Structures are given as structure tokens and as C-alpha cells.
$ cat input.cif   # mmCIF, C-alpha atoms
data_query
loop_
_atom_site.group_PDB
_atom_site.id
_atom_site.type_symbol
_atom_site.label_atom_id
_atom_site.label_comp_id
_atom_site.auth_asym_id
_atom_site.auth_seq_id
_atom_site.Cartn_x
_atom_site.Cartn_y
_atom_site.Cartn_z
ATOM 1 C CA MET A 3 -25.190 -23.512 43.398
ATOM 2 C CA LEU A 4 -23.825 -20.540 45.312
ATOM 3 C CA VAL A 5 -20.822 -18.759 43.843
ATOM 4 C CA ASP A 6 -18.664 -16.464 45.957
ATOM 5 C CA GLY A 7 -18.362 -13.118 44.170
ATOM 6 C CA LYS A 8 -20.223 -10.894 41.724
ATOM 7 C CA PHE A 9 -20.365 -13.253 38.762
ATOM 8 C CA LYS A 10 -21.841 -16.618 37.906
ATOM 9 C CA ILE A 11 -19.592 -19.253 36.342
ATOM 10 C CA PRO A 12 -20.074 -19.298 32.572
ATOM 11 C CA GLY A 13 -20.635 -22.617 30.844
ATOM 12 C CA ILE A 14 -22.104 -24.400 33.870
ATOM 13 C CA GLU A 15 -25.706 -25.380 33.214
ATOM 14 C CA VAL A 16 -26.782 -25.373 36.858
ATOM 15 C CA GLU A 17 -28.920 -22.782 38.581
ATOM 16 C CA GLN A 18 -26.468 -20.372 40.192
ATOM 17 C CA GLU A 19 -26.568 -17.431 42.540
ATOM 18 C CA ALA A 20 -23.586 -15.108 42.848
ATOM 19 C CA VAL A 21 -23.163 -13.914 46.449
ATOM 20 C CA VAL A 22 -20.848 -10.979 47.079
ATOM 21 C CA ASP A 23 -18.813 -11.732 50.232
ATOM 22 C CA GLY A 24 -20.346 -15.219 50.213
ATOM 23 C CA ASP A 25 -17.539 -16.560 52.384
ATOM 24 C CA PHE A 26 -18.692 -14.158 55.125
ATOM 25 C CA LYS A 27 -22.442 -14.510 54.585
ATOM 26 C CA VAL A 28 -23.010 -18.216 53.868
ATOM 27 C CA PHE A 29 -21.591 -20.971 56.087
ATOM 28 C CA SER A 30 -21.267 -23.552 53.285
ATOM 29 C CA VAL A 31 -19.419 -21.058 51.062
ATOM 30 C CA ALA A 32 -17.083 -20.209 53.955
ATOM 31 C CA ALA A 33 -16.385 -23.914 54.552
ATOM 32 C CA ALA A 34 -15.733 -24.515 50.847
ATOM 33 C CA SER A 35 -13.385 -21.527 50.802
ATOM 34 C CA ILE A 36 -11.320 -22.965 53.663
ATOM 35 C CA ILE A 37 -11.112 -26.373 51.984
ATOM 36 C CA ALA A 38 -10.119 -24.779 48.668
ATOM 37 C CA LYS A 39 -7.403 -22.676 50.315
ATOM 38 C CA ALA A 40 -5.934 -25.645 52.172
ATOM 39 C CA TYR A 41 -5.922 -27.717 48.970
ATOM 40 C CA ARG A 42 -4.334 -24.897 46.967
ATOM 41 C CA ASP A 43 -1.650 -24.266 49.595
ATOM 42 C CA GLY A 44 -0.743 -27.970 49.519
ATOM 43 C CA LEU A 45 -0.609 -27.894 45.731
ATOM 44 C CA MET A 46 1.702 -24.881 45.827
ATOM 45 C CA GLU A 47 4.038 -26.699 48.232
ATOM 46 C CA LYS A 48 4.246 -29.591 45.748
ATOM 47 C CA LEU A 49 4.849 -27.157 42.889
ATOM 48 C CA HIS A 50 7.706 -25.687 44.940
ATOM 49 C CA GLU A 51 9.519 -29.006 44.489
ATOM 50 C CA LYS A 52 9.135 -28.732 40.715
ATOM 51 C CA PHE A 53 9.909 -24.996 40.488
ATOM 52 C CA PRO A 54 12.088 -24.175 43.543
ATOM 53 C CA ALA A 55 13.344 -20.866 42.099
ATOM 54 C CA TYR A 56 9.897 -19.341 42.732
ATOM 55 C CA ASP A 57 9.751 -20.239 46.461
ATOM 56 C CA PHE A 58 6.081 -21.283 46.242
ATOM 57 C CA ALA A 59 6.332 -23.047 49.626
ATOM 58 C CA ARG A 60 6.896 -19.650 51.226
ATOM 59 C CA HIS A 61 4.249 -17.465 49.562
ATOM 60 C CA LYS A 62 1.858 -20.109 48.134
ATOM 61 C CA GLY A 63 1.535 -18.160 44.886
ATOM 62 C CA TYR A 64 -0.186 -15.171 46.443
ATOM 63 C CA GLY A 65 0.868 -11.818 45.000
ATOM 64 C CA THR A 66 3.273 -10.881 47.751
ATOM 65 C CA LEU A 67 6.290 -8.665 47.178
ATOM 66 C CA HIS A 68 8.492 -11.763 47.464
ATOM 67 C CA HIS A 69 6.459 -13.619 44.817
ATOM 68 C CA ARG A 70 6.667 -10.689 42.418
ATOM 69 C CA LYS A 71 10.410 -10.460 43.049
ATOM 70 C CA MET A 72 10.859 -14.152 42.214
ATOM 71 C CA ILE A 73 8.970 -13.648 38.939
ATOM 72 C CA LEU A 74 11.069 -10.626 38.027
ATOM 73 C CA GLU A 75 14.265 -12.601 38.744
ATOM 74 C CA ASN A 76 13.209 -15.834 37.014
ATOM 75 C CA GLY A 77 10.557 -14.869 34.483
ATOM 76 C CA LEU A 78 7.239 -16.679 34.391
ATOM 77 C CA SER A 79 7.046 -20.399 35.031
ATOM 78 C CA PRO A 80 4.789 -22.661 32.955
ATOM 79 C CA ILE A 81 2.221 -22.609 35.763
ATOM 80 C CA HIS A 82 1.882 -18.824 36.069
ATOM 81 C CA ARG A 83 -1.417 -17.414 34.841
ATOM 82 C CA ARG A 84 -0.481 -14.707 32.402
ATOM 83 C CA THR A 85 -3.832 -12.929 32.883
ATOM 84 C CA PHE A 86 -2.873 -12.166 36.519
ATOM 85 C CA CYS A 87 0.626 -10.861 35.836
ATOM 86 C CA GLY A 88 -0.083 -7.219 35.165
ATOM 87 C CA ASN A 89 2.165 -4.863 33.272
ATOM 88 C CA TYR A 90 5.233 -5.279 35.477
ATOM 89 C CA ILE A 91 6.111 -8.600 33.838
ATOM 90 C CA ASN A 92 6.821 -8.728 30.144
ATOM 91 C CA ARG A 93 8.873 -11.916 29.891
#
$ encode --input "input.cif" --output "C-alpha cells"
Amino acid sequence: MLVDGKFKIPGIEVEQEAVVDGDFKVFSVAAASIIAKAYRDGLMEKLHEKFPAYDFARHKGYGTLHHRKMILENGLSPIHRRTFCGNYINR
């Protein structure tokens, strides 16, 4: 299994190779990356319906200025990953 990035996935008992910039170097990794992004963007649009105050349909959960502003105004939602929040959010 090829993994895009510097690290292998812990807990998966399959032979793995971490490939830095794999989405640029390996066609199958690039294709998987596109599929994953399209799926995630669709998921974020559905989550927008459940949590409209965060405007997920607009920024798809990426760390844009608008996304950070919505978090500062509304606090974290149940779906926010606290490990990605940084020090600017303490709610």
C-alpha cells in the first residue's frame, strides 16, 4: 500500500510505503487523492445542513480565514477535530 506523506499508517498490518508528494509522483495516489477530496467536499456540504452556522458549504472545512472566523464566533462544533485547532481556539 502506498501512503501519501512521510509516515506509514499505524495499526494497519499491510506492507506500506510512505511516499512524500505521492499525489504528484504516483498516478494511483493522485487519483485516490482526487476521489477523497470530492467525497470529503460532498460530506462537508451535508454537514453544512446540520451545522449551518459554520458555513461548511462555502469553505469545506479547510482552514481558511472564513472558517477560523466561524469557529471563533460559534465555538467548536461536535465534528471539529480538536487536534487541528491550534492555540487560537480555547472554547
$ residues_around --input "input.cif" --residues "A:Arg60" --least-positions-apart "5" --cutoff "12 Å" --atoms "all atoms listed in the file" --output "list in words"
Asp43, Gly44, Met46, Glu47, Lys48, Leu49, His50, Glu51, Pro54, Ala55, Gly65, Thr66, Leu67, His68, His69 and Met72 of chain A
$ atom_distance --input "input.cif" --atom1 "atom CA of A:Val16" --atom2 "atom CA of A:Ser35"
19.7 Å
$ atom_distance --input "input.cif" --atom1 "atom CA of A:Leu45" --atom2 "atom CA of A:Lys62"
8.5 Å
$ resolve_selection --input "input.cif" --expression "the PyMOL selection byres ((chain A and resi 10) around 6)" --output "JSON, numbers by chain"
{"A": [9, 11, 20]}
$ atom_distance --input "input.cif" --atom1 "atom CA of A:Leu4" --atom2 "atom CA of A:Gly24"
8.0 Å
$ residues_around --input "input.cif" --residues "A:Lys27" --least-positions-apart "4" --cutoff "12 Å" --atoms "all atoms listed in the file" --output "PyMOL selection string"
chain A and resi 4-7+20-23+31-33
$ resolve_selection --input "input.cif" --expression "the PyMOL selection byres ((chain A and resi 73) around 12)" --output "VMD selection string"
chain A and resid 53 to 58 63 to 72 74 to 84 87 to 88 90 to 93
$ closest_residue --input "input.cif" --among "A:Ala40, A:Met3, A:Thr85, A:Ala59" --to "A:Val28" --atoms "only C-alpha atoms"
A:Met3
$ build_atoms --input "input.cif" --residues "stretch 22-37 of chain A" --atoms "N, CA and C atoms" --output "mmCIF file, in the frame of the given file"
data_model
loop_
_atom_site.group_PDB
_atom_site.id
_atom_site.type_symbol
_atom_site.label_atom_id
_atom_site.label_comp_id
_atom_site.auth_asym_id
_atom_site.auth_seq_id
_atom_site.Cartn_x
_atom_site.Cartn_y
_atom_site.Cartn_z
ATOM 1 N N VAL A 22 -21.986 -11.818 46.716
ATOM 2 C CA VAL A 22 -20.848 -10.979 47.079
ATOM 3 C C VAL A 22 -20.536 -11.198 48.555
ATOM 4 N N ASP A 23 -19.258 -11.418 48.865
ATOM 5 C CA ASP A 23 -18.813 -11.732 50.232
ATOM 6 C C ASP A 23 -19.475 -13.010 50.748
ATOM 7 N N GLY A 24 -19.701 -13.960 49.845
ATOM 8 C CA GLY A 24 -20.346 -15.219 50.213
ATOM 9 C C GLY A 24 -19.621 -15.967 51.305
ATOM 10 N N ASP A 25 -18.289 -15.855 51.343
ATOM 11 C CA ASP A 25 -17.539 -16.560 52.384
ATOM 12 C C ASP A 25 -17.760 -15.957 53.768
ATOM 13 N N PHE A 26 -18.328 -14.764 53.837
ATOM 14 C CA PHE A 26 -18.692 -14.158 55.125
ATOM 15 C C PHE A 26 -20.171 -14.328 55.449
ATOM 16 N N LYS A 27 -20.991 -14.492 54.409
ATOM 17 C CA LYS A 27 -22.442 -14.510 54.585
ATOM 18 C C LYS A 27 -23.064 -15.900 54.631
ATOM 19 N N VAL A 28 -22.414 -16.883 54.010
ATOM 20 C CA VAL A 28 -23.010 -18.216 53.868
ATOM 21 C C VAL A 28 -22.034 -19.253 54.416
ATOM 22 N N PHE A 29 -22.474 -20.009 55.418
ATOM 23 C CA PHE A 29 -21.591 -20.971 56.087
ATOM 24 C C PHE A 29 -20.991 -21.971 55.111
ATOM 25 N N SER A 30 -21.795 -22.534 54.204
ATOM 26 C CA SER A 30 -21.267 -23.552 53.285
ATOM 27 C C SER A 30 -20.239 -22.962 52.329
ATOM 28 N N VAL A 31 -20.397 -21.713 51.925
ATOM 29 C CA VAL A 31 -19.419 -21.058 51.062
ATOM 30 C C VAL A 31 -18.132 -20.813 51.855
ATOM 31 N N ALA A 32 -18.260 -20.420 53.100
ATOM 32 C CA ALA A 32 -17.083 -20.209 53.955
ATOM 33 C C ALA A 32 -16.313 -21.519 54.135
ATOM 34 N N ALA A 33 -17.032 -22.606 54.375
ATOM 35 C CA ALA A 33 -16.385 -23.914 54.552
ATOM 36 C C ALA A 33 -15.676 -24.341 53.266
ATOM 37 N N ALA A 34 -16.346 -24.158 52.136
ATOM 38 C CA ALA A 34 -15.733 -24.515 50.847
ATOM 39 C C ALA A 34 -14.495 -23.670 50.588
ATOM 40 N N SER A 35 -14.522 -22.415 50.985
ATOM 41 C CA SER A 35 -13.385 -21.527 50.802
ATOM 42 C C SER A 35 -12.175 -22.003 51.602
ATOM 43 N N ILE A 36 -12.409 -22.454 52.817
ATOM 44 C CA ILE A 36 -11.320 -22.965 53.663
ATOM 45 C C ILE A 36 -10.726 -24.233 53.054
ATOM 46 N N ILE A 37 -11.582 -25.128 52.604
ATOM 47 C CA ILE A 37 -11.112 -26.373 51.984
ATOM 48 C C ILE A 37 -10.312 -26.059 50.726
#
